[in-house]
$ cat protein19.cif   # mmCIF, C-alpha atoms
data_my_file
loop_
_atom_site.label_atom_id
_atom_site.label_comp_id
_atom_site.auth_asym_id
_atom_site.auth_seq_id
_atom_site.Cartn_x
_atom_site.Cartn_y
_atom_site.Cartn_z
CA MET Q 18 0.25 29.30 -35.45
CA ARG Q 19 -1.75 26.22 -34.64
CA ALA Q 20 -1.91 23.32 -37.05
CA ARG Q 21 -4.92 23.08 -39.32
CA LEU Q 22 -7.31 20.19 -38.94
CA ASP Q 23 -6.63 17.29 -41.28
CA ILE Q 24 -8.60 14.13 -41.94
CA SER Q 25 -6.93 12.14 -39.12
CA ASP Q 26 -7.71 14.87 -36.59
CA PHE Q 27 -11.23 15.22 -37.90
CA VAL Q 28 -12.01 11.53 -37.62
CA ALA Q 29 -10.36 11.35 -34.17
CA ARG Q 30 -12.52 14.22 -32.91
CA SER Q 31 -15.63 12.57 -34.36
CA ILE Q 32 -15.21 9.19 -32.67
CA GLY Q 33 -17.93 8.56 -30.12
CA GLY Q 34 -21.65 8.80 -29.60
CA TRP Q 35 -23.64 11.87 -30.58
CA ARG Q 36 -27.18 13.04 -30.01
CA SER Q 37 -28.32 14.85 -33.14
CA GLN Q 38 -31.10 17.38 -33.73
CA ARG Q 39 -31.64 17.77 -37.44
CA SER Q 40 -33.89 20.20 -39.25
CA VAL Q 41 -34.59 19.71 -42.92
CA HIS Q 42 -35.88 22.63 -44.98
CA HIS Q 43 -37.68 21.51 -48.12
CA LEU Q 44 -37.25 24.78 -49.91
CA ALA Q 45 -39.79 24.55 -52.73
CA PHE Q 46 -42.73 24.21 -50.38
CA ALA Q 47 -41.23 25.75 -47.23
CA HIS Q 48 -41.73 22.56 -45.26
CA PHE Q 49 -39.87 21.87 -42.02
CA GLU Q 50 -38.93 18.34 -41.05
CA GLN Q 51 -37.40 17.46 -37.68
CA VAL Q 52 -35.31 14.41 -36.93
CA ASN Q 53 -33.95 13.28 -33.60
CA SER Q 54 -31.27 10.66 -33.82
CA THR Q 55 -28.29 9.09 -32.21
CA ILE Q 56 -25.11 8.66 -34.21
CA VAL Q 57 -22.12 6.53 -33.32
CA VAL Q 58 -18.80 7.03 -35.08
CA SER Q 59 -16.20 4.28 -34.64
CA ALA Q 60 -12.73 3.78 -36.00
CA ILE Q 61 -12.23 0.65 -38.06
CA SER Q 62 -9.09 -1.08 -39.22
CA PRO Q 63 -7.56 -0.16 -42.59
CA THR Q 64 -7.43 -3.91 -43.21
CA ASP Q 65 -11.15 -4.39 -42.50
CA GLN Q 66 -12.66 -6.40 -45.34
CA ARG Q 67 -15.22 -3.67 -46.08
CA VAL Q 68 -12.42 -1.12 -46.52
CA ILE Q 69 -10.53 -3.39 -48.89
CA GLU Q 70 -13.66 -4.03 -50.93
CA LEU Q 71 -14.46 -0.32 -51.30
CA CYS Q 72 -10.89 0.30 -52.47
CA GLN Q 73 -11.23 -2.48 -55.00
CA THR Q 74 -14.59 -1.18 -56.25
CA TYR Q 75 -13.14 2.27 -56.92
CA ARG Q 76 -9.62 1.06 -57.85
CA PHE Q 77 -7.67 2.76 -55.08
CA ASP Q 78 -4.59 1.24 -53.46
CA PRO Q 79 -5.61 0.24 -49.89
CA ASP Q 80 -2.21 1.54 -48.72
CA ARG Q 81 -3.47 5.08 -49.35
CA VAL Q 82 -6.32 4.77 -46.84
CA VAL Q 83 -6.17 7.04 -43.77
CA ALA Q 84 -8.43 6.79 -40.72
CA PRO Q 85 -11.36 4.73 -42.04
CA PHE Q 86 -14.45 4.78 -39.86
CA GLN Q 87 -18.02 3.70 -39.67
CA MET Q 88 -21.15 5.58 -38.75
CA THR Q 89 -24.34 4.08 -37.44
CA TRP Q 90 -27.48 6.12 -36.94
CA ASN Q 91 -30.89 5.62 -35.48
CA GLY Q 92 -33.35 8.42 -35.96
CA GLU Q 93 -36.99 9.33 -36.00
CA SER Q 94 -38.56 11.95 -38.24
CA ASP Q 95 -41.63 13.96 -37.32
CA TRP Q 96 -42.70 13.91 -40.95
CA ASP Q 97 -43.61 10.29 -41.45
CA GLY Q 98 -42.75 9.01 -37.98
CA GLU Q 99 -40.51 6.55 -39.70
CA ILE Q 100 -37.51 5.16 -37.86
CA SER Q 101 -34.40 5.51 -39.94
CA LYS Q 102 -31.54 3.19 -39.08
CA GLY Q 103 -28.39 2.62 -40.99
CA GLU Q 104 -24.71 2.02 -41.04
CA THR Q 105 -22.11 3.16 -43.50
CA VAL Q 106 -18.38 2.65 -43.90
CA LEU Q 107 -16.34 5.72 -44.86
CA VAL Q 108 -12.85 5.48 -46.31
CA PRO Q 109 -10.70 8.62 -46.74
CA ILE Q 110 -8.04 8.62 -49.45
CA PRO Q 111 -5.99 11.83 -49.02
CA THR Q 112 -4.73 13.49 -52.20
CA GLY Q 113 -3.12 16.38 -50.30
CA ASP Q 114 -2.69 17.59 -46.73
CA TYR Q 115 -6.22 19.00 -46.53
CA GLN Q 116 -8.11 17.29 -49.34
CA GLY Q 117 -8.94 13.92 -50.76
CA LYS Q 118 -11.56 11.41 -51.78
CA LEU Q 119 -14.08 9.85 -49.45
CA LEU Q 120 -15.38 6.43 -50.44
CA ARG Q 121 -18.52 5.17 -48.82
CA ASP Q 122 -20.66 2.15 -49.22
CA GLN Q 123 -23.90 4.09 -48.97
CA GLY Q 124 -24.62 7.73 -49.80
CA TYR Q 125 -26.93 10.17 -48.12
CA ALA Q 126 -28.87 11.37 -51.14
CA GLU Q 127 -29.25 7.99 -52.80
CA THR Q 128 -28.61 4.67 -51.19
CA ILE Q 129 -25.80 3.60 -53.48
CA PRO Q 130 -22.05 3.57 -53.04
CA ALA Q 131 -20.43 6.91 -53.75
CA VAL Q 132 -17.12 8.70 -54.02
CA GLY Q 133 -17.05 12.24 -52.68
CA GLU Q 134 -14.39 14.93 -52.74
CA TYR Q 135 -13.48 16.54 -49.44
CA TYR Q 136 -11.35 19.45 -48.35
CA PHE Q 137 -10.76 21.42 -45.20
CA THR Q 138 -11.18 25.17 -45.14
CA GLU Q 139 -8.56 27.27 -43.36
CA ASP Q 140 -11.03 27.66 -40.49
CA ASP Q 141 -11.31 23.89 -40.07
CA SER Q 142 -14.61 23.13 -41.73
CA PHE Q 143 -14.77 19.76 -43.45
CA VAL Q 144 -16.50 20.16 -46.81
CA LEU Q 145 -17.66 17.13 -48.79
CA THR Q 146 -19.22 17.22 -52.24
CA THR Q 147 -20.69 14.13 -53.86
CA SER Q 148 -22.24 13.90 -57.31
CA TYR Q 149 -24.97 11.41 -58.00
CA ASP Q 150 -26.87 10.69 -61.18
CA ARG Q 151 -29.75 12.99 -60.39
CA ALA Q 152 -28.44 15.12 -57.53
CA ALA Q 153 -25.37 16.58 -55.89
CA ALA Q 154 -24.82 16.73 -52.16
CA GLU Q 155 -22.68 19.27 -50.36
CA GLU Q 156 -21.98 18.82 -46.69
CA LYS Q 157 -20.10 21.10 -44.32
CA ILE Q 158 -19.17 19.93 -40.82
CA TRP Q 159 -17.34 21.86 -38.15
CA PHE Q 160 -16.62 21.55 -34.46
CA VAL Q 161 -17.75 24.36 -32.18
CA ASN Q 162 -15.88 22.67 -29.35
CA ASP Q 163 -14.94 19.09 -28.47
CA ASN Q 164 -18.53 18.25 -27.60
CA VAL Q 165 -20.59 20.16 -30.15
CA ARG Q 166 -20.46 19.94 -33.89
CA CYS Q 167 -22.61 21.42 -36.64
CA ARG Q 168 -23.42 19.97 -40.02
CA VAL Q 169 -25.09 21.70 -42.95
CA SER Q 170 -26.15 19.51 -45.88
CA LEU Q 171 -27.45 20.77 -49.18
CA ILE Q 172 -29.06 18.57 -51.79
CA LYS Q 173 -28.83 20.26 -55.17
CA THR Q 174 -30.10 19.42 -58.60
CA SER Q 175 -27.49 17.52 -60.56
CA GLY Q 176 -26.53 20.69 -62.43
CA GLY Q 177 -25.66 22.13 -59.04
CA SER Q 178 -27.50 25.44 -59.31
CA GLY Q 179 -30.81 24.69 -57.62
CA VAL Q 180 -31.06 23.78 -53.95
CA VAL Q 181 -33.75 21.19 -53.18
CA THR Q 182 -33.25 20.74 -49.46
CA ALA Q 183 -31.04 22.43 -46.90
CA SER Q 184 -30.59 20.69 -43.59
CA PHE Q 185 -28.84 21.51 -40.37
CA SER Q 186 -27.76 19.20 -37.59
CA SER Q 187 -26.48 20.15 -34.18
CA GLU Q 188 -24.70 17.23 -32.62
CA ILE Q 189 -23.90 16.95 -28.92
CA ARG Q 190 -21.48 14.39 -27.63
CA GLN Q 191 -23.07 11.79 -25.40
CA ASN Q 192 -21.32 10.71 -22.27
CA GLU Q 193 -19.75 7.32 -22.47
CA PRO Q 194 -21.84 4.68 -20.73
CA MET P 21 -7.91 33.19 -59.29
CA ARG P 22 -11.18 34.92 -58.53
CA ALA P 23 -11.36 37.73 -56.01
CA ARG P 24 -12.49 36.89 -52.52
CA LEU P 25 -15.73 38.30 -51.21
CA ASP P 26 -15.34 41.48 -49.18
CA ILE P 27 -17.87 43.46 -47.19
CA SER P 28 -19.01 45.59 -50.14
CA ASP P 29 -19.64 42.49 -52.27
CA PHE P 30 -21.36 40.77 -49.40
CA VAL P 31 -23.75 43.63 -48.74
CA ALA P 32 -24.41 44.06 -52.46
CA ARG P 33 -25.34 40.38 -52.83
CA SER P 34 -27.59 40.63 -49.77
CA ILE P 35 -29.70 43.57 -50.95
CA GLY P 36 -33.28 42.56 -51.63
CA GLY P 37 -36.14 40.59 -50.19
CA TRP P 38 -35.69 37.11 -48.76
CA ARG P 39 -38.02 34.39 -47.58
CA SER P 40 -36.42 32.71 -44.59
CA GLN P 41 -37.00 29.30 -43.00
CA ARG P 42 -35.30 29.22 -39.63
CA SER P 43 -34.90 26.29 -37.27
CA VAL P 44 -33.74 26.89 -33.75
CA HIS P 45 -32.29 24.03 -31.74
CA HIS P 46 -32.50 24.62 -27.99
CA LEU P 47 -29.78 22.18 -27.13
CA ALA P 48 -30.28 21.63 -23.41
CA PHE P 49 -33.78 20.28 -23.85
CA ALA P 50 -33.61 19.15 -27.49
CA HIS P 51 -36.44 21.47 -28.47
CA PHE P 52 -37.07 22.50 -32.07
CA GLU P 53 -38.49 25.90 -32.89
CA GLN P 54 -39.50 26.91 -36.41
CA VAL P 55 -39.74 30.43 -37.71
CA ASN P 56 -41.00 31.60 -41.09
CA SER P 57 -40.12 35.15 -41.93
CA THR P 58 -39.48 37.67 -44.60
CA ILE P 59 -36.34 39.76 -44.49
CA VAL P 60 -35.59 42.88 -46.49
CA VAL P 61 -32.04 44.17 -46.78
CA SER P 62 -31.62 47.71 -48.12
CA ALA P 63 -28.60 49.91 -48.68
CA ILE P 64 -28.60 53.19 -46.77
CA SER P 65 -26.50 56.28 -47.17
CA PRO P 66 -23.23 56.61 -45.21
CA THR P 67 -24.52 60.04 -44.26
CA ASP P 68 -27.81 58.70 -42.87
CA GLN P 69 -28.35 60.16 -39.41
CA ARG P 70 -28.59 56.68 -37.85
CA VAL P 71 -25.18 55.78 -39.27
CA ILE P 72 -23.61 58.94 -37.94
CA GLU P 73 -25.12 58.36 -34.51
CA LEU P 74 -23.85 54.79 -34.30
CA CYS P 75 -20.36 56.02 -35.22
CA GLN P 76 -20.56 58.64 -32.51
CA THR P 77 -21.77 56.14 -29.91
CA TYR P 78 -18.81 53.86 -30.56
CA ARG P 79 -16.33 56.64 -31.42
CA PHE P 80 -15.55 55.66 -35.00
CA ASP P 81 -14.84 58.17 -37.73
CA PRO P 82 -17.86 58.10 -40.11
CA ASP P 83 -15.42 58.34 -43.04
CA ARG P 84 -14.41 54.75 -42.33
CA VAL P 85 -17.92 53.39 -42.93
CA VAL P 86 -18.36 51.05 -45.92
CA ALA P 87 -21.70 49.84 -47.30
CA PRO P 88 -24.07 50.51 -44.39
CA PHE P 89 -27.42 48.77 -44.66
CA GLN P 90 -30.62 48.08 -42.83
CA MET P 91 -32.51 44.87 -42.25
CA THR P 92 -36.20 44.57 -41.53
CA TRP P 93 -37.81 41.29 -40.62
CA ASN P 94 -41.28 40.00 -40.01
CA GLY P 95 -41.55 36.47 -38.72
CA GLU P 96 -43.76 34.02 -36.96
CA SER P 97 -42.55 31.31 -34.60
CA ASP P 98 -44.37 28.03 -34.09
CA TRP P 99 -43.29 28.07 -30.45
CA ASP P 100 -45.33 30.90 -29.07
CA GLY P 101 -47.08 31.96 -32.26
CA GLU P 102 -45.64 35.37 -31.62
CA ILE P 103 -45.06 37.70 -34.53
CA SER P 104 -41.55 39.09 -34.42
CA LYS P 105 -40.99 42.32 -36.29
CA GLY P 106 -37.98 44.52 -36.24
CA GLU P 107 -35.54 46.71 -38.02
CA THR P 108 -31.85 47.22 -37.43
CA VAL P 109 -29.16 49.41 -38.94
CA LEU P 110 -25.80 47.75 -39.59
CA VAL P 111 -22.62 49.73 -40.12
CA PRO P 112 -19.41 48.01 -41.29
CA ILE P 113 -16.07 49.57 -40.36
CA PRO P 114 -13.36 47.62 -42.22
CA THR P 115 -10.05 47.15 -40.41
CA GLY P 116 -8.55 45.09 -43.25
CA ASP P 117 -9.53 43.73 -46.65
CA TYR P 118 -11.55 40.88 -45.19
CA GLN P 119 -12.26 41.89 -41.62
CA GLY P 120 -13.67 44.67 -39.54
CA LYS P 121 -16.17 45.84 -36.98
CA LEU P 122 -19.92 45.76 -37.44
CA LEU P 123 -21.90 48.32 -35.46
CA ARG P 124 -25.59 47.79 -35.05
CA ASP P 125 -28.32 49.54 -33.20
CA GLN P 126 -29.93 46.33 -32.02
CA GLY P 127 -28.36 42.92 -31.44
CA TYR P 128 -29.80 39.48 -32.03
CA ALA P 129 -29.13 37.96 -28.64
CA GLU P 130 -30.08 40.98 -26.58
CA THR P 131 -31.94 44.00 -27.81
CA ILE P 132 -29.21 46.52 -27.16
CA PRO P 133 -26.71 48.17 -29.47
CA ALA P 134 -23.66 46.05 -30.12
CA VAL P 135 -20.31 46.01 -31.83
CA GLY P 136 -19.33 42.76 -33.49
CA GLU P 137 -16.14 41.59 -35.17
CA TYR P 138 -16.45 40.14 -38.66
CA TYR P 139 -14.16 38.39 -41.07
CA PHE P 140 -14.46 36.49 -44.31
CA THR P 141 -13.09 32.98 -44.65
CA GLU P 142 -11.15 32.08 -47.78
CA ASP P 143 -14.25 30.23 -49.00
CA ASP P 144 -16.37 33.37 -48.69
CA SER P 145 -18.27 32.78 -45.50
CA PHE P 146 -19.02 35.90 -43.50
CA VAL P 147 -18.36 35.22 -39.82
CA LEU P 148 -19.56 37.62 -37.14
CA THR P 149 -18.88 37.31 -33.43
CA THR P 150 -20.52 39.58 -30.88
CA SER P 151 -19.97 39.56 -27.13
CA TYR P 152 -22.75 40.60 -24.82
CA ASP P 153 -22.83 40.82 -21.04
CA ARG P 154 -24.27 37.38 -20.53
CA ALA P 155 -23.82 35.70 -23.91
CA ALA P 156 -21.76 35.58 -27.07
CA ALA P 157 -23.21 35.20 -30.54
CA GLU P 158 -21.45 33.67 -33.52
CA GLU P 159 -23.03 33.90 -36.91
CA LYS P 160 -21.85 32.42 -40.21
CA ILE P 161 -23.51 33.41 -43.49
CA TRP P 162 -22.68 32.18 -46.96
CA PHE P 163 -24.19 32.28 -50.41
CA VAL P 164 -24.92 28.98 -52.13
CA ASN P 165 -25.79 30.93 -55.26
CA ASP P 166 -27.18 34.40 -55.99
CA ASN P 167 -30.62 33.39 -54.77
CA VAL P 168 -29.93 31.12 -51.81
CA ARG P 169 -28.01 31.88 -48.69
CA CYS P 170 -27.48 29.97 -45.46
CA ARG P 171 -26.99 31.33 -41.99
CA VAL P 172 -25.91 29.46 -38.87
CA SER P 173 -26.17 31.30 -35.55
CA LEU P 174 -24.83 30.04 -32.25
CA ILE P 175 -25.66 31.60 -28.93
CA LYS P 176 -22.99 30.69 -26.42
CA THR P 177 -22.53 31.31 -22.75
CA SER P 178 -20.49 34.43 -22.18
CA GLY P 179 -17.41 32.31 -21.51
CA GLY P 180 -17.86 30.99 -25.02
CA SER P 181 -17.54 27.29 -24.29
CA GLY P 182 -21.16 26.22 -23.92
CA VAL P 183 -23.64 26.40 -26.77
CA VAL P 184 -27.16 27.36 -25.69
CA THR P 185 -28.92 27.48 -29.04
CA ALA P 186 -27.88 26.64 -32.57
CA SER P 187 -30.05 27.94 -35.36
CA PHE P 188 -30.05 27.57 -39.10
CA SER P 189 -31.75 29.72 -41.70
CA SER P 190 -32.14 29.00 -45.37
CA GLU P 191 -32.97 32.18 -47.21
CA ILE P 192 -34.44 32.29 -50.71
CA ARG P 193 -34.49 35.47 -52.71
CA GLN P 194 -37.97 36.75 -53.42
CA ASN P 195 -38.81 38.08 -56.83
CA GLU P 196 -39.09 41.81 -57.00
CA PRO P 197 -42.72 42.96 -57.03
#
$ encode --input "protein19.cif" --output "structure tokens"
Amino acid sequence: MRARLDISDFVARSIGGWRSQRSVHHLAFAHFEQVNSTIVVSAISPTDQRVIELCQTYRFDPDRVVAPFQMTWNGESDWDGEISKGETVLVPIPTGDYQGKLLRDQGYAETIPAVGEYYFTEDDSFVLTTSYDRAAAEEKIWFVNDNVRCRVSLIKTSGGSGVVTASFSSEIRQNEP
Amino acid sequence: MRARLDISDFVARSIGGWRSQRSVHHLAFAHFEQVNSTIVVSAISPTDQRVIELCQTYRFDPDRVVAPFQMTWNGESDWDGEISKGETVLVPIPTGDYQGKLLRDQGYAETIPAVGEYYFTEDDSFVLTTSYDRAAAEEKIWFVNDNVRCRVSLIKTSGGSGVVTASFSSEIRQNEP
């Protein structure tokens, strides 16, 4: 039996440049939004100052950090034509073989630091849930093959029962320059 | 520990009318297609003539059938403005608690009868793979709650390695009339 994906494998497979097509479904008014973007995932050092600071903010021992990484993105939405650019540092803190905390210095649903809970399903999907003051985000990411990954993100009301937006990204690995 | 979803539960939760927002990503040329549709899922009798005929076509004993159902859909794409209407009969033949065959009289990727293989993941996603002459389809469906379900469909080259289209549907239960 093959080994299940863990956070180190998942980050290793994610390193690189990706071209992303993202569709956002605003469910209440059946609106479609389309976003084209490029995403770059890079490994960073566990001793990077930003990693240490996130650990201090959330009171985790930096020795527990595994495979920290950063993501930068540059996208354009067809809704408002706005260019969205950003960068976030993500710091996994495993609490088991296939689960843990994910610290980040900027969330998706609200632009504040956040701590999410992740786990891997037995079929190698990475599932991340993050609770914010007024919303909860649930994200599921899986690799179709080495060069294609899918991501489904749900933004729910803070109680968790209602779904506000559902979005889907297909991400294709870009050739190295 | 709660019971895992099986095919009877899955079909029971699916019965009803759904409003679907579907985004199709044509990966090779980064095209977005949007489809609004209504879907109705209805239980049918295991002794329905269409069920019996599908069993005969694929040489399965009709006594093995569990929870057969039909789906009708009526959708409009923004790509060609074409109205897509259809109806298909789906016949599950369990081969284990959480896996089996799914016979249908019309496939998604090609409009011919097809036999797919399904299984449920431990986190209650229904996964269906169907091989056609020139393509393979992989579909993953899961319930976010009783009134929202998500569906990701991948159309792959028949070898299975390349992904041609990736599509995502968010489906909201419609109130009964």
$ residues_around --input "protein19.cif" --residues "P:Glu96" --least-positions-apart "3" --cutoff "7 Å" --atoms "only C-alpha atoms" --output "list in words"
Val55, Asn56, Ser57, Gly101, Glu102, Ile103 and Ser104 of chain P
$ resolve_selection --input "protein19.cif" --expression "the PyMOL selection byres ((chain P and resi 117) around 12)" --output "PDB file with C-alpha atoms, in the frame of the given file"
ATOM      1  CA  ALA P  23     -11.360  37.730 -56.010  1.00  0.00           C
ATOM      2  CA  ARG P  24     -12.490  36.890 -52.520  1.00  0.00           C
ATOM      3  CA  LEU P  25     -15.730  38.300 -51.210  1.00  0.00           C
ATOM      4  CA  ASP P  26     -15.340  41.480 -49.180  1.00  0.00           C
ATOM      5  CA  ILE P  27     -17.870  43.460 -47.190  1.00  0.00           C
ATOM      6  CA  SER P  28     -19.010  45.590 -50.140  1.00  0.00           C
ATOM      7  CA  ASP P  29     -19.640  42.490 -52.270  1.00  0.00           C
ATOM      8  CA  VAL P  86     -18.360  51.050 -45.920  1.00  0.00           C
ATOM      9  CA  ILE P 113     -16.070  49.570 -40.360  1.00  0.00           C
ATOM     10  CA  PRO P 114     -13.360  47.620 -42.220  1.00  0.00           C
ATOM     11  CA  THR P 115     -10.050  47.150 -40.410  1.00  0.00           C
ATOM     12  CA  GLY P 116      -8.550  45.090 -43.250  1.00  0.00           C
ATOM     13  CA  TYR P 118     -11.550  40.880 -45.190  1.00  0.00           C
ATOM     14  CA  GLN P 119     -12.260  41.890 -41.620  1.00  0.00           C
ATOM     15  CA  GLY P 120     -13.670  44.670 -39.540  1.00  0.00           C
ATOM     16  CA  LYS P 121     -16.170  45.840 -36.980  1.00  0.00           C
ATOM     17  CA  TYR P 138     -16.450  40.140 -38.660  1.00  0.00           C
ATOM     18  CA  TYR P 139     -14.160  38.390 -41.070  1.00  0.00           C
ATOM     19  CA  PHE P 140     -14.460  36.490 -44.310  1.00  0.00           C
ATOM     20  CA  THR P 141     -13.090  32.980 -44.650  1.00  0.00           C
ATOM     21  CA  GLU P 142     -11.150  32.080 -47.780  1.00  0.00           C
TER      22      GLU P 142
END
$ residues_near_point --input "protein19.cif" --point "(-16.9, 23.2, -41.4)" --cutoff "10 Å" --atoms "all atoms listed in the file" --output "PyMOL selection string"
chain Q and resi 136-145+156-161+166-169
$ resolve_selection --input "protein19.cif" --expression "the PyMOL selection byres ((chain P) within 10 of (chain Q))" --output "number ranges by chain"
P: 39-48, 50-56, 141-143, 164-168, 170-172, 174, 180-183, 185-192
$ residues_near_point --input "protein19.cif" --point "(-15.5, 2.7, -47.0)" --cutoff "10 Å" --atoms "all atoms listed in the file" --output "compact mmCIF listing (two decimals) with C-alpha atoms, keeping the file's coordinate frame"
# COMPACT_ATOMS: atom_id res chain seq x y z
CA ILE Q 61 -12.23 0.65 -38.06
CA PRO Q 63 -7.56 -0.16 -42.59
CA ASP Q 65 -11.15 -4.39 -42.50
CA GLN Q 66 -12.66 -6.40 -45.34
CA ARG Q 67 -15.22 -3.67 -46.08
CA VAL Q 68 -12.42 -1.12 -46.52
CA ILE Q 69 -10.53 -3.39 -48.89
CA GLU Q 70 -13.66 -4.03 -50.93
CA LEU Q 71 -14.46 -0.32 -51.30
CA CYS Q 72 -10.89 0.30 -52.47
CA VAL Q 82 -6.32 4.77 -46.84
CA PRO Q 85 -11.36 4.73 -42.04
CA PHE Q 86 -14.45 4.78 -39.86
CA GLN Q 87 -18.02 3.70 -39.67
CA THR Q 105 -22.11 3.16 -43.50
CA VAL Q 106 -18.38 2.65 -43.90
CA LEU Q 107 -16.34 5.72 -44.86
CA VAL Q 108 -12.85 5.48 -46.31
CA PRO Q 109 -10.70 8.62 -46.74
CA ILE Q 110 -8.04 8.62 -49.45
CA LEU Q 119 -14.08 9.85 -49.45
CA LEU Q 120 -15.38 6.43 -50.44
CA ARG Q 121 -18.52 5.17 -48.82
CA ASP Q 122 -20.66 2.15 -49.22
CA GLN Q 123 -23.90 4.09 -48.97
CA PRO Q 130 -22.05 3.57 -53.04
CA ALA Q 131 -20.43 6.91 -53.75
CA VAL Q 132 -17.12 8.70 -54.02
$ build_atoms --input "protein19.cif" --residues "stretch 133-147 of chain P" --atoms "N, CA, C and O atoms" --output "PDB file, in the coordinates of the input"
ATOM      1  N   PRO P 133     -27.716  47.933 -28.437  1.00  0.00           N
ATOM      2  CA  PRO P 133     -26.710  48.170 -29.470  1.00  0.00           C
ATOM      3  C   PRO P 133     -25.493  47.278 -29.214  1.00  0.00           C
ATOM      4  O   PRO P 133     -25.230  46.864 -28.077  1.00  0.00           O
ATOM      5  N   ALA P 134     -24.777  46.979 -30.273  1.00  0.00           N
ATOM      6  CA  ALA P 134     -23.660  46.050 -30.120  1.00  0.00           C
ATOM      7  C   ALA P 134     -22.616  46.322 -31.190  1.00  0.00           C
ATOM      8  O   ALA P 134     -22.919  46.841 -32.258  1.00  0.00           O
ATOM      9  N   VAL P 135     -21.387  45.969 -30.862  1.00  0.00           N
ATOM     10  CA  VAL P 135     -20.310  46.010 -31.830  1.00  0.00           C
ATOM     11  C   VAL P 135     -19.797  44.588 -31.999  1.00  0.00           C
ATOM     12  O   VAL P 135     -19.406  43.949 -31.025  1.00  0.00           O
ATOM     13  N   GLY P 136     -19.845  44.088 -33.218  1.00  0.00           N
ATOM     14  CA  GLY P 136     -19.330  42.760 -33.490  1.00  0.00           C
ATOM     15  C   GLY P 136     -18.044  42.836 -34.293  1.00  0.00           C
ATOM     16  O   GLY P 136     -17.677  43.898 -34.811  1.00  0.00           O
ATOM     17  N   GLU P 137     -17.351  41.707 -34.353  1.00  0.00           N
ATOM     18  CA  GLU P 137     -16.140  41.590 -35.170  1.00  0.00           C
ATOM     19  C   GLU P 137     -16.471  40.631 -36.311  1.00  0.00           C
ATOM     20  O   GLU P 137     -16.977  39.532 -36.066  1.00  0.00           O
ATOM     21  N   TYR P 138     -16.185  41.050 -37.544  1.00  0.00           N
ATOM     22  CA  TYR P 138     -16.450  40.140 -38.660  1.00  0.00           C
ATOM     23  C   TYR P 138     -15.180  39.826 -39.421  1.00  0.00           C
ATOM     24  O   TYR P 138     -14.202  40.580 -39.365  1.00  0.00           O
ATOM     25  N   TYR P 139     -15.202  38.697 -40.093  1.00  0.00           N
ATOM     26  CA  TYR P 139     -14.160  38.390 -41.070  1.00  0.00           C
ATOM     27  C   TYR P 139     -14.745  37.478 -42.132  1.00  0.00           C
ATOM     28  O   TYR P 139     -15.808  36.878 -41.919  1.00  0.00           O
ATOM     29  N   PHE P 140     -14.063  37.406 -43.253  1.00  0.00           N
ATOM     30  CA  PHE P 140     -14.460  36.490 -44.310  1.00  0.00           C
ATOM     31  C   PHE P 140     -13.458  35.345 -44.368  1.00  0.00           C
ATOM     32  O   PHE P 140     -12.253  35.565 -44.326  1.00  0.00           O
ATOM     33  N   THR P 141     -13.975  34.115 -44.469  1.00  0.00           N
ATOM     34  CA  THR P 141     -13.090  32.980 -44.650  1.00  0.00           C
ATOM     35  C   THR P 141     -12.648  32.943 -46.118  1.00  0.00           C
ATOM     36  O   THR P 141     -13.236  33.603 -46.971  1.00  0.00           O
ATOM     37  N   GLU P 142     -11.634  32.145 -46.401  1.00  0.00           N
ATOM     38  CA  GLU P 142     -11.150  32.080 -47.780  1.00  0.00           C
ATOM     39  C   GLU P 142     -12.193  31.455 -48.704  1.00  0.00           C
ATOM     40  O   GLU P 142     -12.109  31.622 -49.922  1.00  0.00           O
ATOM     41  N   ASP P 143     -13.177  30.743 -48.147  1.00  0.00           N
ATOM     42  CA  ASP P 143     -14.250  30.230 -49.000  1.00  0.00           C
ATOM     43  C   ASP P 143     -15.520  31.091 -48.884  1.00  0.00           C
ATOM     44  O   ASP P 143     -16.624  30.613 -49.097  1.00  0.00           O
ATOM     45  N   ASP P 144     -15.314  32.358 -48.562  1.00  0.00           N
ATOM     46  CA  ASP P 144     -16.370  33.370 -48.690  1.00  0.00           C
ATOM     47  C   ASP P 144     -17.524  33.251 -47.711  1.00  0.00           C
ATOM     48  O   ASP P 144     -18.644  33.691 -47.997  1.00  0.00           O
ATOM     49  N   SER P 145     -17.276  32.680 -46.560  1.00  0.00           N
ATOM     50  CA  SER P 145     -18.270  32.780 -45.500  1.00  0.00           C
ATOM     51  C   SER P 145     -17.999  34.071 -44.716  1.00  0.00           C
ATOM     52  O   SER P 145     -16.845  34.418 -44.439  1.00  0.00           O
ATOM     53  N   PHE P 146     -19.083  34.732 -44.376  1.00  0.00           N
ATOM     54  CA  PHE P 146     -19.020  35.900 -43.500  1.00  0.00           C
ATOM     55  C   PHE P 146     -19.219  35.394 -42.085  1.00  0.00           C
ATOM     56  O   PHE P 146     -20.204  34.712 -41.799  1.00  0.00           O
ATOM     57  N   VAL P 147     -18.276  35.690 -41.201  1.00  0.00           N
ATOM     58  CA  VAL P 147     -18.360  35.220 -39.820  1.00  0.00           C
ATOM     59  C   VAL P 147     -18.391  36.434 -38.902  1.00  0.00           C
ATOM     60  O   VAL P 147     -17.525  37.313 -38.993  1.00  0.00           O
TER      61      VAL P 147
END
